[in-house]
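S.K.: Structure file target-v4.csv, CSV, C-alpha atoms, is pasted below:
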```csv
chain,number,residue,atom,x,y,z
A,1,MET,CA,4.1,-35.8,-0.2
A,2,GLU,CA,5.3,-33.5,-2.9
A,3,ASP,CA,3.4,-30.7,-1.3
A,4,GLN,CA,4.9,-31.4,2.1
A,5,LYS,CA,8.4,-31.2,0.6
A,6,LYS,CA,7.5,-28.0,-1.2
A,7,LEU,CA,6.0,-26.6,2.0
A,8,GLU,CA,9.2,-27.3,3.9
A,9,GLU,CA,11.3,-25.6,1.2
A,10,PHE,CA,9.0,-22.7,1.2
A,11,GLN,CA,9.2,-22.3,5.0
A,12,ALA,CA,13.0,-22.6,4.8
A,13,LYS,CA,13.1,-19.7,2.3
A,14,ILE,CA,11.0,-17.6,4.6
A,15,ASP,CA,13.1,-18.4,7.6
A,16,ALA,CA,16.2,-17.5,5.6
A,17,GLU,CA,14.6,-14.0,4.9
A,18,GLN,CA,14.4,-14.7,1.2
A,19,LYS,CA,11.5,-13.1,-0.6
A,20,ILE,CA,8.8,-15.1,-2.3
A,21,GLU,CA,8.3,-14.0,-5.9
A,22,PRO,CA,5.1,-14.4,-8.1
A,23,LYS,CA,6.3,-17.5,-10.0
A,24,ASP,CA,7.6,-19.3,-6.9
A,25,TRP,CA,5.6,-22.1,-5.4
A,26,MET,CA,3.5,-21.0,-2.4
A,27,PRO,CA,0.9,-22.6,-0.2
A,28,GLU,CA,-2.7,-21.9,-1.3
A,29,ASP,CA,-3.4,-20.2,2.1
A,30,TYR,CA,-0.4,-17.9,1.7
A,31,ARG,CA,-1.7,-16.8,-1.7
A,32,LYS,CA,-5.2,-16.3,-0.4
A,33,HIS,CA,-4.1,-14.4,2.7
A,34,LEU,CA,-2.0,-12.0,0.5
A,35,GLN,CA,-4.8,-11.6,-2.1
A,36,ARG,CA,-7.1,-10.5,0.7
A,37,GLN,CA,-4.6,-8.4,2.6
A,38,ILE,CA,-3.1,-6.6,-0.4
A,39,SER,CA,-6.4,-5.9,-2.1
A,40,GLN,CA,-8.0,-4.6,1.2
A,41,HIS,CA,-5.0,-2.4,1.5
A,42,ALA,CA,-5.5,-1.2,-2.1
A,43,HIS,CA,-9.2,-0.6,-1.6
A,44,SER,CA,-8.4,1.5,1.5
A,45,GLU,CA,-6.1,3.8,-0.5
A,46,ILE,CA,-8.9,4.3,-3.1
A,47,ILE,CA,-11.8,4.8,-0.7
A,48,GLY,CA,-9.4,6.9,1.5
A,49,MET,CA,-9.4,9.6,-1.2
A,50,GLN,CA,-13.1,10.4,-0.3
A,51,PRO,CA,-12.9,11.9,3.2
A,52,GLU,CA,-10.2,14.3,2.0
A,53,GLY,CA,-11.8,14.9,-1.4
A,54,ASN,CA,-14.6,16.3,0.8
A,55,TRP,CA,-12.4,19.3,1.7
A,56,LEU,CA,-10.6,19.9,-1.6
A,57,LEU,CA,-12.9,22.7,-2.7
A,58,ARG,CA,-13.1,24.2,0.8
A,59,ALA,CA,-9.4,24.3,1.6
A,60,PRO,CA,-8.6,27.6,3.4
A,61,SER,CA,-5.7,28.6,1.1
A,62,LEU,CA,-4.2,27.8,-2.3
A,63,ARG,CA,-1.2,26.2,-0.6
A,64,ALA,CA,-3.5,24.0,1.5
A,65,LYS,CA,-5.4,23.1,-1.7
A,66,VAL,CA,-2.4,22.0,-3.8
A,67,VAL,CA,-1.0,20.0,-0.8
A,68,LEU,CA,-4.3,18.2,-0.3
A,69,LEU,CA,-4.6,17.5,-4.0
A,70,ALA,CA,-1.0,16.1,-4.1
A,71,LYS,CA,-1.8,13.9,-1.2
A,72,ILE,CA,-5.0,12.6,-2.7
A,73,GLN,CA,-3.1,11.9,-6.0
A,74,ASP,CA,-0.6,9.9,-4.0
A,75,GLU,CA,-3.4,7.8,-2.4
A,76,ALA,CA,-4.6,7.0,-5.9
A,77,GLY,CA,-1.1,6.0,-6.9
A,78,HIS,CA,-0.7,3.9,-3.8
A,79,GLY,CA,-3.9,2.1,-4.6
A,80,LEU,CA,-2.6,1.3,-8.1
A,81,TYR,CA,0.8,0.1,-6.8
A,82,LEU,CA,-1.0,-2.3,-4.5
A,83,TYR,CA,-3.5,-3.6,-7.1
A,84,SER,CA,-0.4,-4.3,-9.3
A,85,ALA,CA,1.2,-6.3,-6.5
A,86,ALA,CA,-2.1,-8.1,-5.8
A,87,GLU,CA,-2.5,-9.0,-9.5
A,88,THR,CA,0.8,-10.9,-9.5
A,89,LEU,CA,-1.0,-13.5,-7.3
A,90,GLY,CA,-3.1,-14.7,-10.2
A,91,LYS,CA,-6.3,-12.7,-9.9
A,92,SER,CA,-7.2,-9.8,-12.2
A,93,ARG,CA,-7.7,-6.2,-11.3
A,94,THR,CA,-11.2,-6.4,-12.6
A,95,GLU,CA,-12.0,-9.2,-10.2
A,96,TYR,CA,-10.6,-7.3,-7.2
A,97,LEU,CA,-12.5,-4.1,-8.2
A,98,GLU,CA,-15.7,-6.2,-8.6
A,99,GLU,CA,-15.2,-7.4,-5.0
A,100,LEU,CA,-15.0,-3.8,-3.8
A,101,ARG,CA,-18.0,-2.7,-5.8
A,102,THR,CA,-20.2,-5.5,-4.4
A,103,ALA,CA,-18.9,-5.1,-0.8
A,104,LYS,CA,-17.5,-8.6,-0.9
A,105,ALA,CA,-14.1,-7.1,0.0
A,106,LYS,CA,-13.4,-4.8,2.9
A,107,TYR,CA,-11.3,-1.7,3.3
A,108,SER,CA,-10.1,0.1,6.4
A,109,SER,CA,-13.0,1.1,8.7
A,110,ILE,CA,-11.4,4.5,9.4
A,111,PHE,CA,-12.6,5.8,6.1
A,112,ASN,CA,-16.2,5.2,7.1
A,113,TYR,CA,-16.0,8.1,9.5
A,114,PRO,CA,-17.0,11.6,8.3
A,115,THR,CA,-14.6,14.6,8.0
A,116,LEU,CA,-16.6,17.4,9.5
A,117,THR,CA,-14.2,20.3,9.8
A,118,TRP,CA,-10.9,21.5,8.3
A,119,ALA,CA,-9.2,20.3,11.6
A,120,ASP,CA,-10.2,16.8,10.5
A,121,MET,CA,-7.8,17.1,7.6
A,122,GLY,CA,-5.1,17.6,10.2
A,123,ALA,CA,-6.3,14.7,12.3
A,124,VAL,CA,-6.5,12.4,9.3
A,125,GLY,CA,-2.9,13.2,8.1
A,126,TRP,CA,-1.4,13.2,11.6
A,127,LEU,CA,-3.2,10.2,13.1
A,128,VAL,CA,-4.7,8.1,10.2
A,129,ASP,CA,-1.6,8.4,8.0
A,130,GLY,CA,0.6,8.2,11.1
A,131,ALA,CA,-1.0,4.8,12.0
A,132,ALA,CA,-0.8,3.7,8.4
A,133,ILE,CA,2.9,4.6,8.2
A,134,VAL,CA,3.7,2.5,11.4
A,135,ASN,CA,2.0,-0.4,9.7
A,136,GLN,CA,3.6,0.1,6.3
A,137,VAL,CA,7.1,0.6,7.6
A,138,SER,CA,6.8,-2.8,9.1
A,139,LEU,CA,5.4,-4.2,5.9
A,140,GLN,CA,8.5,-3.1,3.9
A,141,ARG,CA,10.0,-6.4,5.3
A,142,THR,CA,7.0,-8.6,4.4
A,143,SER,CA,8.0,-11.9,2.7
A,144,TYR,CA,6.2,-11.4,-0.6
A,145,GLY,CA,8.5,-9.5,-3.0
A,146,PRO,CA,6.0,-7.4,-5.0
A,147,TYR,CA,4.2,-6.3,-1.8
A,148,ALA,CA,7.5,-5.4,0.0
A,149,ARG,CA,8.7,-3.4,-3.0
A,150,GLY,CA,5.3,-1.6,-3.2
A,151,MET,CA,5.6,-0.7,0.5
A,152,VAL,CA,9.1,0.8,0.1
A,153,ARG,CA,7.8,3.1,-2.6
A,154,ILE,CA,4.7,4.0,-0.7
A,155,CYS,CA,6.6,4.8,2.6
A,156,LYS,CA,9.0,7.1,0.7
A,157,GLU,CA,6.0,9.0,-0.7
A,158,GLU,CA,4.0,8.9,2.5
A,159,SER,CA,6.4,10.7,4.6
A,160,PHE,CA,5.0,14.1,3.7
A,161,HIS,CA,1.4,13.0,4.4
A,162,GLN,CA,1.7,12.8,8.1
A,163,ARG,CA,3.8,16.0,8.4
A,164,GLN,CA,1.2,18.1,6.4
A,165,GLY,CA,-1.6,16.8,8.7
A,166,TYR,CA,0.4,17.6,11.8
A,167,GLU,CA,1.1,21.1,10.4
A,168,ILE,CA,-2.6,21.7,9.9
A,169,ILE,CA,-3.6,20.6,13.4
A,170,ALA,CA,-0.7,22.4,15.1
A,171,ASP,CA,-1.6,25.6,13.3
A,172,MET,CA,-5.2,25.3,14.5
A,173,ALA,CA,-4.1,24.4,18.0
A,174,ARG,CA,-2.3,27.7,18.4
A,175,GLY,CA,-5.1,29.7,16.7
A,176,SER,CA,-8.2,31.3,18.2
A,177,GLU,CA,-10.2,29.6,21.0
A,178,ASP,CA,-12.6,28.3,18.4
A,179,GLN,CA,-9.9,26.9,16.2
A,180,LYS,CA,-8.2,25.2,19.2
A,181,ALA,CA,-11.5,23.7,20.2
A,182,MET,CA,-11.9,22.4,16.7
A,183,ALA,CA,-8.5,20.8,16.8
A,184,GLN,CA,-9.3,19.1,20.1
A,185,ASP,CA,-12.6,17.9,18.8
A,186,ALA,CA,-10.9,16.4,15.7
A,187,LEU,CA,-8.4,14.6,18.0
A,188,ASN,CA,-11.3,13.4,20.2
A,189,ARG,CA,-13.2,11.9,17.3
A,190,PHE,CA,-10.2,10.4,15.4
A,191,TRP,CA,-8.1,9.0,18.3
A,192,TRP,CA,-9.9,5.8,19.0
A,193,PRO,CA,-10.8,4.9,15.4
A,194,SER,CA,-7.1,5.5,14.6
A,195,ILE,CA,-5.7,3.1,17.2
A,196,MET,CA,-8.3,0.6,16.2
A,197,MET,CA,-6.8,0.7,12.7
A,198,PHE,CA,-4.3,-1.8,13.9
A,199,GLY,CA,-7.1,-4.4,14.3
A,200,PRO,CA,-8.2,-6.6,17.1
A,201,HIS,CA,-5.9,-7.6,20.0
A,202,ASP,CA,-3.5,-10.4,19.1
A,203,SER,CA,-5.5,-12.8,21.3
A,204,ASP,CA,-8.6,-12.1,19.2
A,205,SER,CA,-7.0,-11.9,15.8
A,206,PRO,CA,-7.9,-14.9,13.7
A,207,ASN,CA,-5.4,-14.2,10.9
A,208,THR,CA,-2.3,-13.6,12.9
A,209,GLY,CA,-0.9,-17.2,13.3
A,210,ASN,CA,0.1,-18.1,9.8
A,211,ALA,CA,0.7,-14.5,8.8
A,212,VAL,CA,3.5,-14.3,11.4
A,213,LYS,CA,4.9,-17.7,10.6
A,214,TRP,CA,5.0,-16.8,7.0
A,215,LYS,CA,6.4,-13.3,7.7
A,216,ILE,CA,3.6,-11.6,5.9
A,217,LYS,CA,3.2,-9.7,9.1
A,218,ARG,CA,6.5,-8.8,10.8
A,219,GLU,CA,4.9,-7.3,13.9
A,220,THR,CA,1.6,-8.1,15.6
A,221,ASN,CA,-1.4,-5.7,15.8
A,222,ASP,CA,-0.7,-4.9,19.5
A,223,GLU,CA,3.0,-4.3,18.9
A,224,LEU,CA,2.3,-1.9,16.1
A,225,ARG,CA,-0.5,-0.1,18.1
A,226,GLN,CA,1.9,0.4,21.0
A,227,LYS,CA,4.6,1.8,18.7
A,228,PHE,CA,2.1,4.3,17.3
A,229,ILE,CA,0.8,5.4,20.7
A,230,ASP,CA,4.3,5.8,22.1
A,231,LYS,CA,5.3,8.1,19.2
A,232,THR,CA,2.1,10.2,19.2
A,233,VAL,CA,1.6,11.1,22.9
A,234,HIS,CA,4.4,13.7,22.9
A,235,GLN,CA,3.3,15.1,19.6
A,236,ALA,CA,-0.1,15.9,21.1
A,237,GLU,CA,1.4,17.4,24.3
A,238,ILE,CA,3.7,19.9,22.5
A,239,ILE,CA,0.8,21.4,20.6
A,240,GLY,CA,-1.3,21.6,23.7
A,241,LEU,CA,-3.9,19.0,22.9
A,242,THR,CA,-5.2,16.2,25.1
A,243,ILE,CA,-5.5,12.6,24.0
A,244,PRO,CA,-9.1,11.5,25.0
A,245,ASP,CA,-8.0,8.6,27.2
A,246,PRO,CA,-8.1,9.0,31.0
A,247,ASP,CA,-6.1,5.7,31.4
A,248,LEU,CA,-3.2,6.9,29.2
A,249,LYS,CA,0.0,7.1,31.3
A,250,TRP,CA,3.7,6.3,31.0
A,251,ASN,CA,4.6,2.9,32.5
A,252,GLU,CA,8.3,3.2,33.6
A,253,GLU,CA,8.6,-0.6,34.0
A,254,ARG,CA,7.4,-1.5,30.5
A,255,GLY,CA,9.0,1.5,28.9
A,256,HIS,CA,5.7,2.1,27.1
A,257,TYR,CA,2.5,4.0,27.6
A,258,ASP,CA,-0.4,2.2,29.1
A,259,PHE,CA,-3.8,3.0,27.6
A,260,GLY,CA,-7.5,2.3,28.0
A,261,GLU,CA,-9.6,-0.4,26.3
A,262,MET,CA,-11.0,0.3,22.9
A,263,ASP,CA,-14.7,0.0,22.1
A,264,TRP,CA,-14.7,-3.3,20.2
A,265,ASP,CA,-18.5,-3.3,19.8
A,266,GLU,CA,-18.1,-0.1,17.7
A,267,PHE,CA,-15.1,-1.6,15.9
A,268,TRP,CA,-17.0,-4.7,14.7
A,269,ARG,CA,-20.1,-2.7,13.9
A,270,VAL,CA,-18.1,-0.4,11.6
A,271,VAL,CA,-16.1,-3.4,10.1
A,272,LYS,CA,-19.5,-5.0,9.2
A,273,GLY,CA,-20.6,-1.9,7.3
A,274,GLY,CA,-22.4,0.0,10.1
A,275,GLY,CA,-20.0,3.0,10.0
A,276,PRO,CA,-21.5,6.5,9.7
A,277,CYS,CA,-20.4,6.8,6.1
A,278,SER,CA,-20.2,3.2,5.0
A,279,SER,CA,-22.9,3.2,2.4
A,280,GLN,CA,-22.1,6.7,1.2
A,281,ARG,CA,-18.5,5.7,0.4
A,282,LEU,CA,-19.4,2.7,-1.6
A,283,LYS,CA,-22.2,4.4,-3.4
A,284,HIS,CA,-19.8,7.2,-4.4
A,285,TYR,CA,-17.2,4.8,-5.6
A,286,ASN,CA,-19.8,2.9,-7.7
A,287,ASN,CA,-21.1,6.1,-9.2
A,288,ALA,CA,-17.6,7.1,-10.2
A,289,HIS,CA,-17.1,3.7,-11.8
A,290,GLU,CA,-20.3,3.8,-13.7
A,291,ASN,CA,-19.8,7.4,-14.9
A,292,GLY,CA,-16.4,6.3,-16.3
A,293,THR,CA,-17.9,3.6,-18.4
A,294,TRP,CA,-17.9,5.7,-21.6
A,295,VAL,CA,-14.2,6.6,-21.0
A,296,ARG,CA,-13.2,2.9,-20.9
A,297,GLU,CA,-15.3,2.2,-23.9
A,298,ALA,CA,-13.8,5.1,-25.9
A,299,ALA,CA,-10.3,4.0,-24.9
A,300,ARG,CA,-11.0,0.5,-26.1
A,301,ALA,CA,-12.5,1.7,-29.4
A,302,TYR,CA,-9.5,4.0,-29.9
A,303,ALA,CA,-7.0,1.2,-29.2
A,304,ALA,CA,-8.9,-1.2,-31.6
A,305,LYS,CA,-8.8,1.5,-34.3
A,306,GLN,CA,-5.0,2.1,-33.8
A,307,ASN,CA,-4.4,-1.6,-34.0
A,308,SER,CA,-6.3,-2.1,-37.3
A,309,LYS,CA,-4.5,0.9,-38.8
A,310,GLN,CA,-1.2,-0.6,-37.9
A,311,LYS,CA,-2.1,-3.9,-39.6
A,312,VAL,CA,-3.1,-2.1,-42.8
A,313,ALA,CA,0.1,-0.1,-43.0
B,314,MET,CA,-20.4,-10.7,-14.3
B,315,SER,CA,-20.8,-9.2,-17.7
B,316,ASP,CA,-17.6,-7.8,-19.2
B,317,ASN,CA,-15.6,-8.8,-16.2
B,318,THR,CA,-12.6,-10.1,-18.1
B,319,ASP,CA,-11.1,-6.9,-19.2
B,320,ASN,CA,-12.5,-3.5,-18.4
B,321,GLN,CA,-9.1,-2.1,-17.4
B,322,GLY,CA,-7.1,-2.7,-20.6
B,323,PRO,CA,-4.0,-4.9,-20.9
B,324,ILE,CA,-1.0,-4.8,-18.5
B,325,TRP,CA,2.1,-2.8,-19.4
B,326,GLU,CA,5.4,-3.2,-17.5
B,327,VAL,CA,7.1,0.1,-16.7
B,328,PHE,CA,10.9,0.7,-16.7
B,329,ILE,CA,12.4,4.0,-15.7
B,330,GLN,CA,15.8,5.5,-16.2
B,331,SER,CA,16.3,7.7,-13.2
B,332,LYS,CA,19.3,9.7,-14.6
B,333,PRO,CA,20.9,9.9,-18.1
B,334,GLY,CA,23.6,7.2,-18.3
B,335,LEU,CA,21.9,4.8,-15.9
B,336,ALA,CA,20.0,1.6,-17.0
B,337,HIS,CA,16.2,1.5,-17.1
B,338,LYS,CA,14.9,-0.2,-14.1
B,339,HIS,CA,11.7,-2.1,-13.6
B,340,VAL,CA,9.4,-0.2,-11.3
B,341,GLY,CA,6.0,-1.9,-11.6
B,342,ASN,CA,3.1,-2.0,-14.0
B,343,LEU,CA,-0.2,-0.5,-15.0
B,344,HIS,CA,-3.2,-1.0,-17.2
B,345,ALA,CA,-3.9,1.0,-20.3
B,346,SER,CA,-5.7,0.4,-23.6
B,347,ASP,CA,-2.9,1.7,-25.9
B,348,LYS,CA,0.8,2.6,-25.8
B,349,GLU,CA,0.4,6.4,-25.6
B,350,MET,CA,-2.0,6.0,-22.7
B,351,ALA,CA,0.4,3.6,-21.1
B,352,LEU,CA,3.2,6.1,-21.3
B,353,GLN,CA,1.1,8.9,-19.9
B,354,ASN,CA,-0.2,6.8,-17.1
B,355,ALA,CA,3.3,5.7,-16.3
B,356,ARG,CA,4.4,9.3,-16.1
B,357,ASP,CA,1.5,10.1,-13.7
B,358,LEU,CA,1.9,7.0,-11.6
B,359,TYR,CA,5.6,6.5,-11.3
B,360,THR,CA,7.2,9.9,-11.8
B,361,ARG,CA,5.2,12.2,-9.6
B,362,ARG,CA,8.4,13.4,-8.0
B,363,GLN,CA,10.8,13.7,-10.9
B,364,GLU,CA,12.0,10.1,-10.6
B,365,GLY,CA,12.8,9.7,-14.2
B,366,THR,CA,14.5,11.0,-17.4
B,367,CYS,CA,13.1,8.3,-19.6
B,368,ILE,CA,10.3,5.8,-19.4
B,369,TRP,CA,9.8,2.5,-21.3
B,370,VAL,CA,6.4,0.7,-21.3
B,371,VAL,CA,6.3,-2.9,-22.5
B,372,PRO,CA,3.2,-5.1,-23.1
B,373,PHE,CA,3.2,-7.7,-20.4
B,374,GLU,CA,2.7,-10.5,-22.9
B,375,ALA,CA,5.9,-9.5,-24.7
B,376,ILE,CA,8.0,-10.5,-21.8
B,377,THR,CA,9.2,-14.1,-21.5
B,378,SER,CA,10.6,-15.1,-18.1
B,379,SER,CA,12.6,-18.1,-17.0
B,380,THR,CA,11.1,-20.2,-14.3
B,381,PRO,CA,12.5,-20.1,-10.8
B,382,GLU,CA,11.7,-23.8,-10.3
B,383,ASP,CA,14.1,-24.7,-13.2
B,384,ASN,CA,16.9,-22.4,-11.9
B,385,GLY,CA,19.1,-25.4,-11.0
B,386,SER,CA,19.4,-26.8,-14.5
B,387,PHE,CA,18.8,-23.5,-16.3
B,388,PHE,CA,21.8,-21.7,-14.8
B,389,GLU,CA,23.9,-24.9,-14.4
B,390,PRO,CA,26.2,-24.1,-17.4
B,391,ALA,CA,27.9,-21.3,-15.4
B,392,ASP,CA,28.3,-23.4,-12.2
B,393,ASP,CA,31.7,-24.9,-13.0
B,394,LYS,CA,33.3,-21.9,-14.6
B,395,ALA,CA,35.1,-20.1,-11.8
B,396,TYR,CA,37.9,-19.3,-14.2
B,397,ARG,CA,35.6,-16.5,-15.5
B,398,THR,CA,36.3,-14.6,-12.3
B,399,PRO,CA,39.5,-12.8,-11.4
B,400,THR,CA,40.0,-14.4,-8.0
B,401,HIS,CA,40.5,-17.8,-9.8
B,402,TYR,CA,44.1,-16.8,-10.7
B,403,VAL,CA,47.1,-17.1,-8.5
B,404,MET,CA,49.3,-14.0,-8.6
B,405,PRO,CA,53.0,-14.1,-7.8
B,406,GLU,CA,53.9,-13.1,-4.3
B,407,GLY,CA,54.3,-9.3,-4.1
B,408,ALA,CA,52.7,-8.5,-7.4
B,409,LYS,CA,51.0,-5.1,-7.3
B,410,HIS,CA,48.3,-3.2,-9.2
B,411,ILE,CA,46.9,-6.3,-10.9
```
As structure tokens, please, write out the structure in this file.

M.R.:
Amino acid sequence: MEDQKKLEEFQAKIDAEQKIEPKDWMPEDYRKHLQRQISQHAHSEIIGMQPEGNWLLRAPSLRAKVVLLAKIQDEAGHGLYLYSAAETLGKSRTEYLEELRTAKAKYSSIFNYPTLTWADMGAVGWLVDGAAIVNQVSLQRTSYGPYARGMVRICKEESFHQRQGYEIIADMARGSEDQKAMAQDALNRFWWPSIMMFGPHDSDSPNTGNAVKWKIKRETNDELRQKFIDKTVHQAEIIGLTIPDPDLKWNEERGHYDFGEMDWDEFWRVVKGGGPCSSQRLKHYNNAHENGTWVREAARAYAAKQNSKQKVA
Amino acid sequence: MSDNTDNQGPIWEVFIQSKPGLAHKHVGNLHASDKEMALQNARDLYTRRQEGTCIWVVPFEAITSSTPEDNGSFFEPADDKAYRTPTHYVMPEGAKHI
């Protein structure tokens, strides 16, 4: 009875566009949904450093290198903002990281694709960050306060990420024949995985119902995907690249682009860990964590020493 | 699950003053094993774009918060004191600059 009343008050707050804060009462499913969604988002930022880290030492100029480094540092920062938000839901950072390490938690499938050429750095910034931004702009209005505030900060920082990627791919698209082919190839490989970043169709998305009612999600997977496609088609056209979808065409009546069906078998295969780089990404992460053990131990020992000194003084 | 309770260090809440003269504002938190590390991590995490002129880091346990559920009774003493606001007072017709 008590819970029913609390649930009604909770829904009334959501309906009135009030934010839910860590100490407020919330339904257990709301908490669980957010713990999963925010930590997956955080893991994606952290794992997302790897495909770009791959090109850090091979960046074609000093400018390209500092830009890429700044972007990767931002991704690390974004992961940390998100872990902070996730921790306010009563689960420790160590527990979340443990779930990543043991593959109990997922991260965005897009990072399980390899980055084969420098043009891929363009495609990742332009398409992968572009898709992430569409999703994150929407999440700035999510109902959980700490998550919404994290998103505002992230969106502000993220705005250069997409532009730097588009600059790279635009430069290559107007370069030599080989460079242009490389740009087109990167678009060909990243287009479908990018639009699949928005997740399954609304009709096949098991987590949409409550997430929309509770305003965790403000727009559905299909709405966000459509937004991204509508924005991106023109950007491809003006740099002379072709989006690899023969069904893509403007629909006057809908006021949107129609597009072809995604390969959902591939989607689920990659989600379940069968992506080209899935095991490599996790292994690399776990190695880095293990190699850092002595740093954490030293930091703890130093803190203990400082504390005991303080007590003596 | 050995050593699963704390391999990240304690939580520090971070407050940043964005310009001299402004109040420090809460921006988020981080983990660090001691206060110098907390301050350096706060710089690297929250001021990558010159967002601040001063940073405070405060151990999470040092903060005591009121409870939203008790807001009704907790803030009740101010409920009936509208005379603390200027609009409570009736000014003579035509009075200016007051």

S.K.: For chain A against chain B, with a cut-off of 10 Å and counting all atoms listed in the file, what is the closest atom pair and its distance in Å to one decimal for every residue that makes the cut, ordered by chain and number, as a Markdown table?

M.R.:
```
| residue | atom | partner | partner_atom | distance |
| --- | --- | --- | --- | --- |
| A:Glu21 | CA | B:Pro381 | CA | 8.9 |
| A:Pro22 | CA | B:Pro381 | CA | 9.7 |
| A:Lys23 | CA | B:Pro381 | CA | 6.8 |
| A:Asp24 | CA | B:Pro381 | CA | 6.3 |
| A:Trp25 | CA | B:Glu382 | CA | 8.0 |
| A:Ala70 | CA | B:Arg361 | CA | 9.2 |
| A:Gln73 | CA | B:Leu358 | CA | 9.0 |
| A:Asp74 | CA | B:Arg361 | CA | 8.4 |
| A:Ala76 | CA | B:Leu358 | CA | 8.6 |
| A:Gly77 | CA | B:Leu358 | CA | 5.7 |
| A:His78 | CA | B:Leu358 | CA | 8.8 |
| A:Leu80 | CA | B:Leu343 | CA | 7.5 |
| A:Tyr81 | CA | B:Gly341 | CA | 7.4 |
| A:Leu82 | CA | B:Gly341 | CA | 10.0 |
| A:Tyr83 | CA | B:Leu343 | CA | 9.1 |
| A:Ser84 | CA | B:Asn342 | CA | 6.3 |
| A:Ala85 | CA | B:Gly341 | CA | 8.3 |
| A:Ser92 | CA | B:Thr318 | CA | 8.0 |
| A:Arg93 | CA | B:Gln321 | CA | 7.5 |
| A:Thr94 | CA | B:Asn317 | CA | 6.2 |
| A:Glu95 | CA | B:Asn317 | CA | 7.0 |
| A:Leu97 | CA | B:Asn317 | CA | 9.8 |
| A:Glu98 | CA | B:Asn317 | CA | 8.0 |
| A:Pro146 | CA | B:Gly341 | CA | 8.6 |
| A:Arg149 | CA | B:Val340 | CA | 8.9 |
| A:Gly150 | CA | B:Gly341 | CA | 8.4 |
| A:Arg153 | CA | B:Val340 | CA | 9.4 |
| A:Glu157 | CA | B:Arg362 | CA | 8.9 |
| A:Thr293 | CA | B:Asn320 | CA | 8.9 |
| A:Arg296 | CA | B:Asn320 | CA | 6.9 |
| A:Glu297 | CA | B:Asn320 | CA | 8.4 |
| A:Ala298 | CA | B:Ser346 | CA | 9.6 |
| A:Ala299 | CA | B:Ser346 | CA | 6.0 |
| A:Arg300 | CA | B:Ser346 | CA | 5.9 |
| A:Ala301 | CA | B:Ser346 | CA | 9.0 |
| A:Tyr302 | CA | B:Asp347 | CA | 8.1 |
| A:Ala303 | CA | B:Asp347 | CA | 5.3 |
| A:Ala304 | CA | B:Ser346 | CA | 8.8 |
| A:Gln306 | CA | B:Asp347 | CA | 8.2 |
| A:Asn307 | CA | B:Asp347 | CA | 8.9 |
```

S.K.: Name the residues in contact with Pro193 of chain A at a cut-off of 9 Å, using only C-alpha atoms, excluding same-chain residues fewer than 6 positions from it; report them as a ChimeraX atom specification.

M.R.: /A:109-110,113,128,262,267

S.K.: Between B:Val403, B:Ser331, B:Gly385, B:Arg397, which has the minimum distance to Gln363 of chain B (counting only C-alpha atoms)?

M.R.: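 When distances to Gln363 of chain B are compared using only C-alpha atoms, the smallest one comes from B:Ser331.
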
S.K.: Excluding Pro372 of chain B and residues on its chain fewer than 5 positions from it, collect all residues at most 8 Å away from it, counting all atoms listed in the file, and give them as a ChimeraX atom specification.

M.R.: /B:323-326

S.K.: Could you turn the residues from that selection into a file that holds C-alpha atoms, as a compact mmCIF listing (two decimals), in the coordinates of the input?

M.R.:
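File result35.txt, as written:
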```txt
# COMPACT_ATOMS: atom_id res chain seq x y z
CA PRO B 323 -4.00 -4.90 -20.90
CA ILE B 324 -1.00 -4.80 -18.50
CA TRP B 325 2.10 -2.80 -19.40
CA GLU B 326 5.40 -3.20 -17.50
```

S.K.: Neighbouring residues of segment 171-188 of chain A were defined as those with any atom within 12 Å, considering all atoms listed in the file; residues of the same chain fewer than 2 positions away were excluded. Please report them as a ChimeraX atom specification.

M.R.: /A:60,113-128,164-169,190-195,232-233,235-245

S.K.: Between B:Ile411, B:Trp369, B:Ala391, B:Arg356, single out the one closest to Lys338 of chain B, counting only C-alpha atoms.

M.R.: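 The closest residue to Lys338 of chain B is B:Trp369.
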
S.K.: Just the residues within 12 Å of Leu224 of chain A, please, counting only C-alpha atoms, with nothing from its chain fewer than 3 positions along; format it as number ranges by chain.

M.R.: A: 130-139, 195-202, 217-221, 227-231

S.K.: Take every atom of segment 255-261 of chain A listed in the file, pad by 4 Å on each side, and give me the axis-aligned box centre and edge lengths in Å, one decimal, as lines of an AutoDock Vina configuration file.

M.R.:
```
center_x = -0.3
center_y = 1.8
center_z = 27.7
size_x = 26.6
size_y = 12.4
size_z = 10.8
```

S.K.: Tell me which of A:Asp3, A:Asp222, A:Asp129, A:Glu75 sits closest to Asp204 of chain A, counting all atoms listed in the file.

M.R.: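 Answer, going by the shortest atom-to-atom distance: A:Asp222.
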
S.K.: Give me the residues near Gln4 of chain A as number ranges by chain, where near means some atom within 12 Å (using all atoms listed in the file) and where sequence neighbours in that chain fewer than 4 positions away do not count.

M.R.: A: 8-11, 25-27

S.K.: Using C-alpha atoms, can you export the residues from the last selection as an mmCIF file, keeping the file's coordinate frame?

M.R.:
```
data_model
loop_
_atom_site.group_PDB
_atom_site.id
_atom_site.type_symbol
_atom_site.label_atom_id
_atom_site.label_comp_id
_atom_site.auth_asym_id
_atom_site.auth_seq_id
_atom_site.Cartn_x
_atom_site.Cartn_y
_atom_site.Cartn_z
ATOM 1 C CA GLU A 8 9.200 -27.300 3.900
ATOM 2 C CA GLU A 9 11.300 -25.600 1.200
ATOM 3 C CA PHE A 10 9.000 -22.700 1.200
ATOM 4 C CA GLN A 11 9.200 -22.300 5.000
ATOM 5 C CA TRP A 25 5.600 -22.100 -5.400
ATOM 6 C CA MET A 26 3.500 -21.000 -2.400
ATOM 7 C CA PRO A 27 0.900 -22.600 -0.200
#
```
